Amino acid sequence: MDSPNTNHLMIGRPGRMRRRLIWRSLKQSRLALIGLFLLIVMVTLSILAPVLAPYNPAKSDIRNRLKPPSWSLEPGSHFLGTDNVGRDILSRVLYGGRVSIFVGIAAVTLGGILGTVLGVTAGYFRGTSEGIIMRLVDIQLAFPSILFAVAIMAVLGASVLNVVVVLSLTSWATYCRVARSQTLSLRENEFIHAARSIGTRDRVIILRHILPNALSPLIVIASFGVAMAIINEAALSFLGVGVPTAIPTWGGMLGEGREYLRIAWWFSTFPGIALVLTVFGVNVLGDWIRDYLDPRLRTLI
Amino acid sequence: MLTFIVRRLLQAVVVLWAAASLAFVLTFLSGDPATLMIGDHWTAEQIVSFRAYMGFDRPFYIQYLEFMGRLLKGDFGMSVRQQTPVIELILDRFPNTVELALAAMLVVIVVAVPIGIISATKRNSLLDNVVMGGALLAQSMPTFWIGIMLILVFGVHLRWLPISGRQNLSSLILPVITLSAFAVARNARIARASMLETLSQDYIRTARSKGLSEKLIVTRHALKNALIPVVTVLGLEIGALLGGALVTETVFAWPGVGRLTIEAIYARDYPLVQGVITFLVLIFVIVNLIVDISYAFLDPRIRLQ
């Protein structure tokens, strides 16, 4: 963690050689292949939701409410059953993936960029800005993140954008702390001193020399961050303060289905399975990314 | 050591101040706290009089100073809906949350650590692969879904265990499994990784070359050192469990502070929301403080950081 590793050479522009190395390492880990496969399947299903969904996910049909799974794809039947107002569960699960995956990636991108920029700034320029930024990190990390998210969402109101913003606000501190500690150890390296002595501007040093070398642990955190964000989005929607109920989400469906556990087991079960498969795929792939980029990070995450 | 404690104490005070400020600002984020609390179906006059009653018509900084002043005196305000002091409502529920969190913590220690250690000593065996695969899967399950599935299987179908409320010891079982699942998985993985790391150290190789039995090496030479990072994470886990109680208590209708928070949010009882947030962060900060200071006692290297 303290010393920069050599595998950073692997990230950046992947040439054919590098792609082959990545593929070879992936093939050696059966679990990682399963994760990749799961992710490809879930992402494809979500993207193709408008084509694949047999029903309009928002269209209710009171006469067909709480129908058990038919396990057949014939027109007019509901493969995974229907919910309390007769909406098709399969269609809603397919559409729900879009929100989950979008929120997961968007929240991590936003939080990751925010945290990395602040962390590198703190570590490179030091001084007052570092003091202020790191105090903010301490404060943020001392908050139970889900409590923070629920409280803010309760006031701001349910919306996809709010969920993304709130989840990135709960996660930036981790990236910030790691980016700073990476920068701190990197800036004392001879190649940085050399760059500075020939008059390279700070901005160029940061972008060309610091950032690429600091990236490995950040990418690892981000990959697990996607899993966390998807789970947290679902938790917020489950509690009724996340994505508006008009938009189908896995967490929201779970929350609605909870009321009908005694009579409709399928209602809460299938959105949950979709969620678990996706998050499992992300986690397994995250494990592989960590081992590939730097196995020494293992005790940290 | 003293400077370390003082520094950590100051840090804790800053965090608490930030938490209380956030809790205060929260109700103003939406623009008008009066409308936020009583909704739009009241008449304009009623809202005006409610605003005056709550003191929302006074300057912002006066309200802020008054809020902080009251907190310093231990006054968390009054619940709008229940007309009861917030602190009474919280203290009424808090023991139940502590009960849940401590039981979950016990499960984490008793289950996760041995699983991780055994997995590491049998590295890459079938047992190791199955257990670690299972841990990864458990880490991928949202708390509330685990809870719902447990209710479905053990409550609705098998009818073995109570699924809501807090009546007797058996009503603790499902919530504790739910709350601890993620932490068990995470700590088992950390314990395994740490044990593997320790087993690759030079002094273990020395012990092996002396011809000591593998059992002796693991229990006498590796175990204590391998547990250092585990214990560090375990301390922080208490806070995570308190946060996780928010969801678990909602799923199982457990009468704790987590459920109180959600109820307060649904009822738009913002003085109660403010109080609960400040209180939970206070507990969180105190726990972290105790954990940090006790580590500094145990491991002098931490003090120097």
# chains A, B, ... in the order shown; residues from 1 in each chain; ligands from 1
$ interface_residues --of "chain B" --to "chain A" --cutoff "6 Å" --atoms "only C-alpha atoms" --output "number ranges by chain"
B: 15, 137, 140-142, 193, 243
$ write_last_selection --atoms "C-alpha atoms" --output "PDB file, in the first residue's frame"
ATOM      1  CA  VAL B  15     -17.453  15.118  14.543  1.00  0.00           C
ATOM      2  CA  LEU B 137     -22.259 -14.730  -1.670  1.00  0.00           C
ATOM      3  CA  SER B 140     -23.516  -9.850  -1.941  1.00  0.00           C
ATOM      4  CA  MET B 141     -26.890 -10.133  -0.215  1.00  0.00           C
ATOM      5  CA  PRO B 142     -28.596  -7.001   1.043  1.00  0.00           C
ATOM      6  CA  ALA B 193      -6.403 -13.293   4.537  1.00  0.00           C
ATOM      7  CA  GLY B 243     -26.155   1.400  11.357  1.00  0.00           C
TER       8      GLY B 243
END
$ closest_residue --among "A:Tyr175, A:Asn162, A:Glu74, A:Trp288" --to "Trp23 (chain A)" --atoms "only C-alpha atoms"
A:Trp288
$ residues_around --residues "region 53-66 of chain B" --least-positions-apart "3" --cutoff "12 Å" --atoms "only C-alpha atoms" --output "short mmCIF file (atom, residue, chain, number, x, y, z; two decimals) with N, CA and C atoms, in the first residue's frame"
data_model
loop_
_atom_site.label_atom_id
_atom_site.label_comp_id
_atom_site.auth_asym_id
_atom_site.auth_seq_id
_atom_site.Cartn_x
_atom_site.Cartn_y
_atom_site.Cartn_z
N TRP B 17 -20.11 17.90 16.66
CA TRP B 17 -20.60 19.21 16.28
C TRP B 17 -21.12 19.17 14.83
N ALA B 20 -24.44 17.23 14.66
CA ALA B 20 -25.55 18.01 15.18
C ALA B 20 -25.94 19.12 14.20
N SER B 21 -24.91 19.76 13.61
CA SER B 21 -25.20 20.82 12.64
C SER B 21 -25.94 20.26 11.43
N LEU B 22 -25.47 19.09 10.98
CA LEU B 22 -26.14 18.48 9.84
C LEU B 22 -27.59 18.16 10.18
N ALA B 23 -27.80 17.60 11.37
CA ALA B 23 -29.15 17.28 11.80
C ALA B 23 -30.02 18.54 11.83
N PHE B 24 -29.40 19.64 12.24
CA PHE B 24 -30.14 20.90 12.30
C PHE B 24 -30.47 21.41 10.90
N VAL B 25 -29.44 21.45 10.04
CA VAL B 25 -29.62 21.99 8.68
C VAL B 25 -30.61 21.15 7.88
N LEU B 26 -30.64 19.84 8.21
CA LEU B 26 -31.48 18.89 7.49
C LEU B 26 -32.90 19.41 7.22
N THR B 27 -33.54 19.93 8.27
CA THR B 27 -34.93 20.34 8.11
C THR B 27 -35.07 21.58 7.23
N PHE B 28 -33.95 22.31 7.05
CA PHE B 28 -34.03 23.51 6.23
C PHE B 28 -33.69 23.25 4.77
N GLY B 31 -36.32 23.90 2.31
CA GLY B 31 -36.83 25.25 2.19
C GLY B 31 -37.63 25.66 3.40
N ASP B 32 -38.77 24.99 3.62
CA ASP B 32 -39.64 25.41 4.71
C ASP B 32 -39.91 24.26 5.68
N PRO B 33 -39.31 24.29 6.86
CA PRO B 33 -39.48 23.18 7.79
C PRO B 33 -40.93 23.00 8.26
N ALA B 34 -41.69 24.08 8.33
CA ALA B 34 -43.08 23.94 8.81
C ALA B 34 -43.91 23.11 7.84
N THR B 35 -43.80 23.44 6.54
CA THR B 35 -44.53 22.67 5.53
C THR B 35 -44.02 21.24 5.49
N LEU B 36 -42.70 21.07 5.65
CA LEU B 36 -42.10 19.75 5.61
C LEU B 36 -42.70 18.86 6.70
N MET B 37 -42.95 19.44 7.88
CA MET B 37 -43.41 18.63 9.01
C MET B 37 -44.90 18.35 8.99
N ILE B 38 -45.70 19.31 8.58
CA ILE B 38 -47.14 19.05 8.69
C ILE B 38 -47.82 18.87 7.35
N GLN B 46 -52.90 27.98 9.61
CA GLN B 46 -52.42 26.93 10.51
C GLN B 46 -50.91 26.77 10.38
N ILE B 47 -50.41 26.83 9.13
CA ILE B 47 -48.97 26.69 8.92
C ILE B 47 -48.24 27.86 9.59
N VAL B 48 -48.81 29.08 9.43
CA VAL B 48 -48.17 30.25 10.03
C VAL B 48 -48.10 30.10 11.56
N SER B 49 -49.19 29.64 12.15
CA SER B 49 -49.19 29.53 13.61
C SER B 49 -48.27 28.40 14.07
N PHE B 50 -48.20 27.32 13.27
CA PHE B 50 -47.28 26.22 13.61
C PHE B 50 -45.83 26.71 13.53
N GLY B 69 -27.37 25.00 22.01
CA GLY B 69 -27.40 25.24 23.45
C GLY B 69 -28.20 24.18 24.17
N ARG B 70 -29.36 23.85 23.59
CA ARG B 70 -30.21 22.82 24.21
C ARG B 70 -29.50 21.47 24.21
N LEU B 71 -28.83 21.15 23.07
CA LEU B 71 -28.12 19.87 22.99
C LEU B 71 -27.06 19.75 24.08
N LEU B 72 -26.34 20.87 24.30
CA LEU B 72 -25.28 20.84 25.30
C LEU B 72 -25.84 20.53 26.68
N LYS B 73 -27.09 20.96 26.90
CA LYS B 73 -27.72 20.66 28.19
C LYS B 73 -28.37 19.28 28.20
N ASP B 75 -30.71 18.36 26.15
CA ASP B 75 -32.11 18.44 25.75
C ASP B 75 -32.21 18.22 24.24
N PHE B 76 -32.78 17.11 23.84
CA PHE B 76 -32.88 16.77 22.42
C PHE B 76 -34.17 17.28 21.80
N GLY B 77 -34.95 18.05 22.52
CA GLY B 77 -36.18 18.61 21.96
C GLY B 77 -37.39 17.73 22.19
N MET B 78 -38.52 18.17 21.62
CA MET B 78 -39.77 17.45 21.80
C MET B 78 -40.22 16.83 20.48
N SER B 79 -40.76 15.62 20.57
CA SER B 79 -41.35 15.01 19.38
C SER B 79 -42.64 15.76 19.02
N VAL B 80 -42.79 16.13 17.73
CA VAL B 80 -43.97 16.86 17.31
C VAL B 80 -45.23 15.99 17.42
N TYR B 270 -39.63 15.72 12.50
CA TYR B 270 -38.22 16.07 12.33
C TYR B 270 -37.46 16.36 13.61
N PRO B 271 -38.09 16.93 14.64
CA PRO B 271 -37.32 17.05 15.89
C PRO B 271 -36.85 15.68 16.36
#
$ select_by_dssp --residues "region 142-178 of chain B" --states "alpha helix (DSSP H)" --output "VMD selection string"
chain B and resid 143 to 150 173 to 178
$ atom_distance --atom1 "CA of Val13 (chain B)" --atom2 "CA of Ile283 (chain B)"
12.4 Å
$ atom_distance --atom1 "CA of Arg126 (chain A)" --atom2 "CA of Arg187 (chain A)"
10.9 Å
$ closest_residue --among "B:Leu136, B:Gln274, B:Leu126, B:Ala44" --to "Ala32 (chain A)" --atoms "only C-alpha atoms"
B:Leu136
$ residues_around --residues "region 90-103 of chain B" --least-positions-apart "4" --cutoff "6 Å" --atoms "only C-alpha atoms" --output "PyMOL selection string"
chain B and resi 241+256-257
$ closest_residue --among "B:Ala112, B:Val6, B:Ala253, B:Val218" --to "Asn187 (chain B)" --atoms "only C-alpha atoms"
B:Ala112
$ residues_around --residues "Pro50 (chain A)" --least-positions-apart "6" --cutoff "10 Å" --atoms "only C-alpha atoms" --output "list in words"
Asn56, Pro57, Ser91, Leu94 and Tyr95 of chain A
$ atom_distance --atom1 "CA of Ser170 (chain B)" --atom2 "CA of Phe154 (chain B)"
11.8 Å
$ decode --residues "region 143-217 of chain A" --atoms "C-alpha atoms" --output "PDB file, in the first residue's frame"
ATOM      1  CA  PHE A 143     -21.001   8.833  10.243  1.00  0.00           C
ATOM      2  CA  PRO A 144     -22.872   5.578   9.752  1.00  0.00           C
ATOM      3  CA  SER A 145     -23.293   5.963   5.982  1.00  0.00           C
ATOM      4  CA  ILE A 146     -26.763   4.465   5.668  1.00  0.00           C
ATOM      5  CA  LEU A 147     -28.100   6.735   8.407  1.00  0.00           C
ATOM      6  CA  PHE A 148     -26.618   9.743   6.627  1.00  0.00           C
ATOM      7  CA  ALA A 149     -28.180   8.658   3.330  1.00  0.00           C
ATOM      8  CA  VAL A 150     -31.609   7.914   4.790  1.00  0.00           C
ATOM      9  CA  ALA A 151     -31.735  11.220   6.656  1.00  0.00           C
ATOM     10  CA  ILE A 152     -30.830  13.328   3.631  1.00  0.00           C
ATOM     11  CA  MET A 153     -33.082  11.403   1.258  1.00  0.00           C
ATOM     12  CA  ALA A 154     -35.988  11.789   3.668  1.00  0.00           C
ATOM     13  CA  VAL A 155     -35.747  15.554   3.326  1.00  0.00           C
ATOM     14  CA  LEU A 156     -34.680  15.889  -0.317  1.00  0.00           C
ATOM     15  CA  GLY A 157     -37.368  13.481  -1.477  1.00  0.00           C
ATOM     16  CA  ALA A 158     -37.195  10.392  -3.653  1.00  0.00           C
ATOM     17  CA  SER A 159     -35.481  10.770  -7.035  1.00  0.00           C
ATOM     18  CA  VAL A 160     -32.848   8.900  -9.020  1.00  0.00           C
ATOM     19  CA  LEU A 161     -30.566  11.936  -9.128  1.00  0.00           C
ATOM     20  CA  ASN A 162     -30.825  12.453  -5.371  1.00  0.00           C
ATOM     21  CA  VAL A 163     -29.930   8.809  -4.762  1.00  0.00           C
ATOM     22  CA  VAL A 164     -26.837   9.116  -6.956  1.00  0.00           C
ATOM     23  CA  VAL A 165     -25.728  12.338  -5.254  1.00  0.00           C
ATOM     24  CA  VAL A 166     -26.349  11.049  -1.731  1.00  0.00           C
ATOM     25  CA  LEU A 167     -24.590   7.719  -2.371  1.00  0.00           C
ATOM     26  CA  SER A 168     -21.571   9.480  -3.855  1.00  0.00           C
ATOM     27  CA  LEU A 169     -21.486  11.766  -0.816  1.00  0.00           C
ATOM     28  CA  THR A 170     -21.369   8.723   1.462  1.00  0.00           C
ATOM     29  CA  SER A 171     -18.475   7.134  -0.432  1.00  0.00           C
ATOM     30  CA  TRP A 172     -16.065   9.899  -1.492  1.00  0.00           C
ATOM     31  CA  ALA A 173     -14.131   9.846   1.796  1.00  0.00           C
ATOM     32  CA  THR A 174     -12.693   6.357   1.250  1.00  0.00           C
ATOM     33  CA  TYR A 175     -11.296   7.287  -2.173  1.00  0.00           C
ATOM     34  CA  CYS A 176      -9.997  10.539  -0.756  1.00  0.00           C
ATOM     35  CA  ARG A 177      -8.075   8.874   2.045  1.00  0.00           C
ATOM     36  CA  VAL A 178      -6.504   6.272  -0.213  1.00  0.00           C
ATOM     37  CA  ALA A 179      -5.694   8.779  -2.989  1.00  0.00           C
ATOM     38  CA  ARG A 180      -3.967  11.002  -0.447  1.00  0.00           C
ATOM     39  CA  SER A 181      -1.846   8.257   1.079  1.00  0.00           C
ATOM     40  CA  GLN A 182      -0.835   7.067  -2.406  1.00  0.00           C
ATOM     41  CA  THR A 183       0.080  10.608  -3.429  1.00  0.00           C
ATOM     42  CA  LEU A 184       2.022  11.181  -0.222  1.00  0.00           C
ATOM     43  CA  SER A 185       4.292   8.228  -0.864  1.00  0.00           C
ATOM     44  CA  LEU A 186       4.558   8.897  -4.612  1.00  0.00           C
ATOM     45  CA  ARG A 187       5.550  12.534  -4.373  1.00  0.00           C
ATOM     46  CA  GLU A 188       8.796  11.651  -2.602  1.00  0.00           C
ATOM     47  CA  ASN A 189       9.913   9.450  -5.498  1.00  0.00           C
ATOM     48  CA  GLU A 190      12.861  10.451  -7.614  1.00  0.00           C
ATOM     49  CA  PHE A 191      10.937  10.552 -10.860  1.00  0.00           C
ATOM     50  CA  ILE A 192       8.637  13.164  -9.377  1.00  0.00           C
ATOM     51  CA  HIS A 193      11.581  15.230  -8.118  1.00  0.00           C
ATOM     52  CA  ALA A 194      13.122  14.892 -11.576  1.00  0.00           C
ATOM     53  CA  ALA A 195       9.945  16.057 -13.270  1.00  0.00           C
ATOM     54  CA  ARG A 196       9.729  19.003 -10.946  1.00  0.00           C
ATOM     55  CA  SER A 197      13.366  19.963 -11.400  1.00  0.00           C
ATOM     56  CA  ILE A 198      12.962  20.287 -15.161  1.00  0.00           C
ATOM     57  CA  GLY A 199      10.075  22.663 -14.547  1.00  0.00           C
ATOM     58  CA  THR A 200       7.081  20.417 -15.231  1.00  0.00           C
ATOM     59  CA  ARG A 201       3.907  22.086 -14.064  1.00  0.00           C
ATOM     60  CA  ASP A 202       2.065  20.656 -11.063  1.00  0.00           C
ATOM     61  CA  ARG A 203      -0.995  19.877 -13.131  1.00  0.00           C
ATOM     62  CA  VAL A 204       1.048  17.810 -15.549  1.00  0.00           C
ATOM     63  CA  ILE A 205       2.906  16.024 -12.758  1.00  0.00           C
ATOM     64  CA  ILE A 206      -0.383  15.107 -11.112  1.00  0.00           C
ATOM     65  CA  LEU A 207      -2.106  13.954 -14.269  1.00  0.00           C
ATOM     66  CA  ARG A 208       0.839  12.205 -15.945  1.00  0.00           C
ATOM     67  CA  HIS A 209       2.894  10.883 -13.053  1.00  0.00           C
ATOM     68  CA  ILE A 210       0.915  10.743  -9.811  1.00  0.00           C
ATOM     69  CA  LEU A 211      -2.541   9.700 -10.926  1.00  0.00           C
ATOM     70  CA  PRO A 212      -1.630   6.682 -13.100  1.00  0.00           C
ATOM     71  CA  ASN A 213       0.523   5.309 -10.289  1.00  0.00           C
ATOM     72  CA  ALA A 214      -2.084   5.891  -7.603  1.00  0.00           C
ATOM     73  CA  LEU A 215      -4.887   4.277  -9.552  1.00  0.00           C
ATOM     74  CA  SER A 216      -4.659   0.566  -8.652  1.00  0.00           C
ATOM     75  CA  PRO A 217      -6.104   0.661  -5.118  1.00  0.00           C
TER      76      PRO A 217
END
